[in-house]
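**Q** To be precise about what I am sending: the file is called model06.txt and holds compact mmCIF, C-alpha atoms and all ligand atoms.
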```txt
# COMPACT_ATOMS: atom_id res chain seq x y z
CA MET A 840 -9.06 22.52 42.07
CA ARG A 841 -9.57 21.34 45.62
CA ARG A 842 -11.50 23.97 47.51
CA VAL A 843 -10.15 25.55 50.65
CA MET A 844 -12.58 25.28 53.48
CA GLU A 845 -10.60 27.58 55.67
CA MET A 846 -7.02 28.02 56.76
CA VAL A 847 -6.60 28.98 60.39
CA VAL A 848 -3.27 30.21 61.72
CA GLU A 849 -2.97 30.38 65.47
CA ASN A 850 -0.29 31.96 67.62
CA LEU A 851 2.39 31.42 65.01
CA ALA A 852 5.96 32.49 65.73
CA CYS A 853 8.65 32.46 63.06
CA ALA A 854 12.35 33.26 62.86
CA ARG A 855 14.92 34.31 60.30
CA GLY A 856 18.56 33.38 60.77
CA GLY A 857 17.67 31.98 64.20
CA VAL A 858 16.21 35.30 65.38
CA PRO A 859 12.45 35.44 66.10
CA VAL A 860 10.86 38.11 63.90
CA LEU A 861 7.11 37.63 64.35
CA GLU A 862 5.13 36.01 67.15
CA GLY A 863 1.49 35.57 68.10
CA VAL A 864 0.33 35.70 64.48
CA SER A 865 -3.28 34.55 64.21
CA PHE A 866 -5.66 34.90 61.28
CA GLY A 867 -8.09 32.98 59.13
CA LEU A 868 -8.31 32.67 55.36
CA ARG A 869 -11.34 31.20 53.63
CA GLY A 870 -12.05 30.10 50.08
CA GLY A 871 -12.76 33.12 47.88
CA GLN A 872 -10.74 35.45 50.08
CA ALA A 873 -7.57 37.39 49.31
CA LEU A 874 -5.57 38.68 52.23
CA MET A 875 -2.87 41.30 51.66
CA LEU A 876 0.04 41.15 54.06
CA ARG A 877 1.19 44.61 54.96
CA GLY A 878 4.02 45.94 57.05
CA PRO A 879 7.29 47.81 56.62
CA ASN A 880 10.44 46.41 55.02
CA GLY A 881 12.10 43.83 57.20
CA ILE A 882 9.13 43.22 59.51
CA GLY A 883 8.92 39.55 58.53
CA LYS A 884 6.37 39.11 55.73
CA THR A 885 8.66 36.87 53.69
CA THR A 886 9.54 34.89 56.79
CA LEU A 887 5.86 34.37 57.59
CA LEU A 888 5.02 33.24 54.05
CA ARG A 889 7.98 30.84 53.94
CA THR A 890 6.90 29.37 57.25
CA LEU A 891 3.31 28.91 56.09
CA ALA A 892 4.50 27.27 52.87
CA GLY A 893 6.55 24.77 54.85
CA LEU A 894 9.94 26.05 53.66
CA GLN A 895 11.06 26.62 57.24
CA PRO A 896 9.73 25.38 60.57
CA ALA A 897 7.56 27.51 62.84
CA LEU A 898 8.95 28.29 66.30
CA GLU A 899 5.48 27.75 67.74
CA GLY A 900 1.85 27.86 66.79
CA ARG A 901 -0.52 26.00 64.51
CA ILE A 902 -1.38 26.08 60.80
CA SER A 903 -4.57 24.17 60.07
CA VAL A 904 -3.70 23.15 56.52
CA PRO A 905 -0.57 21.37 55.29
CA PRO A 906 1.93 22.99 52.91
CA GLU A 907 0.60 20.68 50.19
CA ALA A 908 -2.53 22.85 50.03
CA MET A 909 -0.41 25.83 49.08
CA ALA A 910 1.37 27.04 45.97
CA TYR A 911 4.22 29.37 46.89
CA ALA A 912 5.66 31.90 44.47
CA ALA A 913 8.46 34.19 45.50
CA HIS A 914 10.43 34.88 42.35
CA ALA A 915 11.23 33.24 39.05
CA ASP A 916 13.88 30.94 40.51
CA GLY A 917 13.27 27.33 39.71
CA LEU A 918 12.53 28.01 36.07
CA LYS A 919 14.33 25.52 33.89
CA ALA A 920 16.64 27.76 31.87
CA THR A 921 16.98 25.55 28.79
CA LEU A 922 13.35 24.49 28.62
CA SER A 923 10.88 26.61 26.69
CA VAL A 924 8.06 28.48 28.36
CA ALA A 925 5.55 25.78 27.38
CA GLU A 926 7.93 23.02 28.48
CA ASN A 927 8.45 24.68 31.84
CA LEU A 928 4.70 24.79 32.41
CA ALA A 929 4.27 21.19 31.24
CA PHE A 930 7.07 20.15 33.59
CA TRP A 931 5.35 21.78 36.54
CA ALA A 932 1.93 20.54 35.52
CA ARG A 933 3.23 16.96 35.50
CA ILE A 934 4.69 17.38 38.98
CA PHE A 935 1.33 18.51 40.28
CA GLY A 936 -0.65 15.92 38.37
CA GLN A 937 -2.24 18.45 36.01
CA ARG A 938 -2.39 18.56 32.21
CA ASP A 939 -3.68 21.89 31.02
CA VAL A 940 -1.00 24.48 30.35
CA ASP A 941 -2.92 26.46 27.73
CA THR A 942 -4.91 28.38 30.32
CA ALA A 943 -1.70 29.43 32.06
CA LEU A 944 -0.17 30.51 28.73
CA THR A 945 -3.25 32.51 27.79
CA ASP A 946 -3.94 34.10 31.16
CA PHE A 947 -0.39 35.41 31.48
CA ASN A 948 -0.13 36.42 27.83
CA LEU A 949 2.68 33.95 27.19
CA GLY A 950 1.29 32.42 24.00
CA ASP A 951 3.71 34.22 21.68
CA LEU A 952 6.61 33.24 23.93
CA ALA A 953 5.62 29.58 24.33
CA GLN A 954 8.61 28.25 22.41
CA ARG A 955 11.23 30.61 23.83
CA GLN A 956 13.76 29.22 26.27
CA ALA A 957 13.21 30.51 29.79
CA GLN A 958 16.77 31.85 29.93
CA ASN A 959 16.00 34.18 27.03
CA LEU A 960 13.02 35.88 28.67
CA SER A 961 13.11 39.39 30.08
CA ALA A 962 12.79 39.86 33.85
CA GLY A 963 9.09 40.67 33.60
CA GLN A 964 8.44 37.75 31.23
CA LYS A 965 10.22 35.42 33.65
CA ARG A 966 8.05 36.73 36.43
CA ARG A 967 4.93 36.11 34.33
CA LEU A 968 6.08 32.54 33.74
CA GLY A 969 6.80 32.13 37.45
CA LEU A 970 3.27 33.28 38.25
CA ALA A 971 1.71 31.23 35.45
CA ARG A 972 3.05 28.17 37.25
CA LEU A 973 0.48 28.83 39.97
CA LEU A 974 -2.25 27.89 37.54
CA VAL A 975 -0.79 24.47 36.80
CA THR A 976 -0.44 23.48 40.46
CA GLY A 977 -4.16 23.05 41.02
CA ARG A 978 -3.49 24.06 44.62
CA PRO A 979 -6.16 26.05 46.44
CA ILE A 980 -4.08 28.50 48.49
CA TRP A 981 -1.71 30.83 46.67
CA VAL A 982 1.05 32.21 48.89
CA LEU A 983 2.72 35.05 47.02
CA ASP A 984 5.69 37.18 47.96
CA GLU A 985 5.90 40.48 46.09
CA PRO A 986 4.39 38.90 42.98
CA THR A 987 4.37 42.08 40.91
CA VAL A 988 8.08 42.90 41.01
CA SER A 989 9.30 43.55 37.43
CA LEU A 990 5.75 43.53 36.04
CA ASP A 991 4.53 46.40 33.88
CA VAL A 992 1.08 47.89 34.35
CA ALA A 993 -0.58 45.56 31.84
CA SER A 994 0.98 42.49 33.47
CA VAL A 995 -0.07 43.61 36.95
CA ALA A 996 -3.61 43.79 35.57
CA LEU A 997 -3.32 40.28 34.07
CA PHE A 998 -2.04 39.00 37.37
CA GLY A 999 -4.89 40.69 39.27
CA GLN A 1000 -7.41 39.05 36.95
CA ALA A 1001 -5.78 35.63 37.45
CA VAL A 1002 -6.03 36.03 41.22
CA GLN A 1003 -9.67 37.08 40.94
CA ARG A 1004 -10.50 34.02 38.82
CA HIS A 1005 -8.73 31.85 41.37
CA LEU A 1006 -10.89 33.37 44.13
CA GLU A 1007 -14.06 32.94 42.09
CA GLY A 1008 -13.16 29.25 41.73
CA GLY A 1009 -13.08 28.88 45.50
CA GLY A 1010 -9.35 29.40 45.93
CA ALA A 1011 -7.67 31.76 48.36
CA ALA A 1012 -4.61 33.98 48.24
CA LEU A 1013 -2.21 35.40 50.78
CA ILE A 1014 -0.13 38.12 49.16
CA ALA A 1015 2.72 40.22 50.51
CA THR A 1016 2.73 43.36 48.42
CA HIS A 1017 3.34 47.06 48.78
CA ILE A 1018 1.11 48.00 45.85
CA ASP A 1019 -2.61 48.06 45.16
CA LEU A 1020 -3.49 45.10 42.96
CA GLY A 1021 -6.72 46.62 41.77
CA PHE A 1022 -9.28 44.38 43.45
CA GLU A 1023 -11.10 44.19 46.75
CA ALA A 1024 -9.09 42.38 49.37
CA ASP A 1025 -8.72 42.18 53.11
CA GLU A 1026 -5.54 43.34 54.78
CA LEU A 1027 -3.40 41.99 57.57
CA ASP A 1028 -0.77 44.33 58.93
CA VAL A 1029 1.81 42.16 60.68
CA THR A 1030 3.47 45.09 62.47
CA PRO A 1031 1.71 44.37 65.80
CA PHE A 1032 3.20 40.87 65.74
CA ARG A 1033 6.81 42.03 65.77
CA ALA A 1034 8.69 39.69 68.10
CA VAL A 1035 9.86 41.15 71.37
CA PRO A 1036 13.65 40.82 71.46
CA ARG A 1037 14.62 38.05 73.85
CA GLU A 1038 17.48 38.05 76.25
CA ILE A 1039 20.42 36.09 75.01
CA ASP A 1040 20.87 33.12 77.35
CA SER A 1041 24.61 33.02 76.93
CA PHE A 1042 25.10 36.75 77.56
CA ASP A 1043 27.06 36.25 80.78
CA GLU A 1044 29.34 33.65 79.28
CA ALA A 1045 29.89 35.59 76.09
CA PHE A 1046 30.85 38.81 77.86
CA ALA A 1047 32.39 37.44 81.03
N1 LIG A 1101 19.29 34.99 56.02
C1 LIG A 1101 18.99 35.81 57.02
N2 LIG A 1101 19.64 35.76 58.19
C2 LIG A 1101 19.33 36.60 59.20
N3 LIG A 1101 18.37 37.51 59.15
C3 LIG A 1101 17.69 37.62 58.00
C4 LIG A 1101 17.95 36.78 56.88
N4 LIG A 1101 17.12 37.12 55.89
C5 LIG A 1101 16.36 38.13 56.38
N5 LIG A 1101 16.70 38.43 57.63
C6 LIG A 1101 16.10 39.46 58.52
O1 LIG A 1101 14.83 38.97 58.95
C7 LIG A 1101 13.90 40.04 59.07
C8 LIG A 1101 12.62 39.71 58.34
O2 LIG A 1101 12.89 39.69 56.93
P1 LIG A 1101 11.74 39.46 55.86
O3 LIG A 1101 12.42 39.25 54.54
O4 LIG A 1101 10.85 38.38 56.34
O5 LIG A 1101 10.96 40.86 55.89
P2 LIG A 1101 9.85 41.44 54.90
O6 LIG A 1101 8.75 41.97 55.77
O7 LIG A 1101 9.47 40.40 53.91
O8 LIG A 1101 10.62 42.64 54.22
P3 LIG A 1101 10.44 43.36 52.78
O9 LIG A 1101 9.18 44.19 52.84
O10 LIG A 1101 11.67 44.25 52.75
O11 LIG A 1101 10.45 42.31 51.74
C9 LIG A 1101 14.60 41.29 58.56
O12 LIG A 1101 15.00 42.06 59.67
C10 LIG A 1101 15.80 40.76 57.79
O13 LIG A 1101 16.90 41.64 57.89
```
Would you give me this structure, written as structure tokens?

**A**
Amino acid sequence: MRRVMEMVVENLACARGGVPVLEGVSFGLRGGQALMLRGPNGIGKTTLLRTLAGLQPALEGRISVPPEAMAYAAHADGLKATLSVAENLAFWARIFGQRDVDTALTDFNLGDLAQRQAQNLSAGQKRRLGLARLLVTGRPIWVLDEPTVSLDVASVALFGQAVQRHLEGGGAALIATHIDLGFEADELDVTPFRAVPREIDSFDEAFA
């Protein structure tokens, strides 16, 4: 895995549906560090993560590392329904120039399900497969949006261990979650960065 030196985010502003939701977001993330994104429902955590991962443009600001340094996981979408668990991982590994899928199978307890088609997995098993994909990206910064949805207690623990191993290997993680993942991590509450509503330029025309 390529090591993260440090990701620096400066004065970032991001929007959802054309409406600014967060602005002035600044923070740093270094190799070995996990940062938990906190804030109430709807504040803009998903929007921020999508912007960092390059899925939507920033309104302003600077991100010191390119999206290619990041592996983004939001939900199990993107799984190939008719491919088996092992084939899904091999597919992703090939895309990212990696070979090993056994570690991902083992670490997310997917060994017994390796030959099952993705479409026949339970919600929690699909989520485990979605998260196992992180391991075959080889990318240093994991950007995770509510990664534990649908996971049972044992799977949350497996996930927590996988993140910790990633950190020990010099990786970093930015995680939007409402729950305690069971390991030491820093927190970033994005509430203070809520965008100030702007005046609508066309107000006069619209209501004239
Ligand atoms: N497609 C969309 N078009 C317009 N507004 C949207 C769209 N999707 C989300 N929003 C709004 O953007 C704001 C930020 O949403 P976002 O999903 O980033 O919040 P969040 O902090 O991740 O919330 P949660 O904790 O509930 O997951 C919310 O007010 C939401 O209603």

**Q** Please find the residues contacting ligand LIG 1101 (chain A) at a distance of at most 9 Å between atoms, with all atoms listed in the file counted, and report them as a PyMOL selection string.

**A** chain A and resi 854-861+876-889+984-985+1015-1017+1029

**Q** My list of candidates is A:Ala943, A:Leu868, A:Val975, A:Ala892. Which is closest to A:Glu1026 when distances are computed with only C-alpha atoms?

**A**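 Nearest to A:Glu1026: A:Leu868.
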
**Q** Between atom CA of A:Asp941 and atom CA of A:Ala925, what is the distance in Å, rounded to a tenth?

**A**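 The value is 8.5 Å.
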
**Q** Using 9 Å as the limit and counting all atoms listed in the file, can you tabulate each residue of stretch 922-1033 of chain A that touches stretch 894-908 of chain A, with its shortest atom-to-atom distance in Å and the two atoms involved, as CSV?

**A**
```
residue,atom,partner,partner_atom,distance
A:Arg978,CA,A:Ala908,CA,5.6
A:Pro979,CA,A:Ala908,CA,6.0
A:Ile980,CA,A:Ala908,CA,6.1
A:Trp981,CA,A:Ala908,CA,8.7
```

**Q** Find the distance between atom CA of A:Glu1023 and atom CA of A:Ala996 and write it in Å to one decimal.

**A**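 Straight-line distance from atom CA of A:Glu1023 to atom CA of A:Ala996 works out to 13.5 Å.
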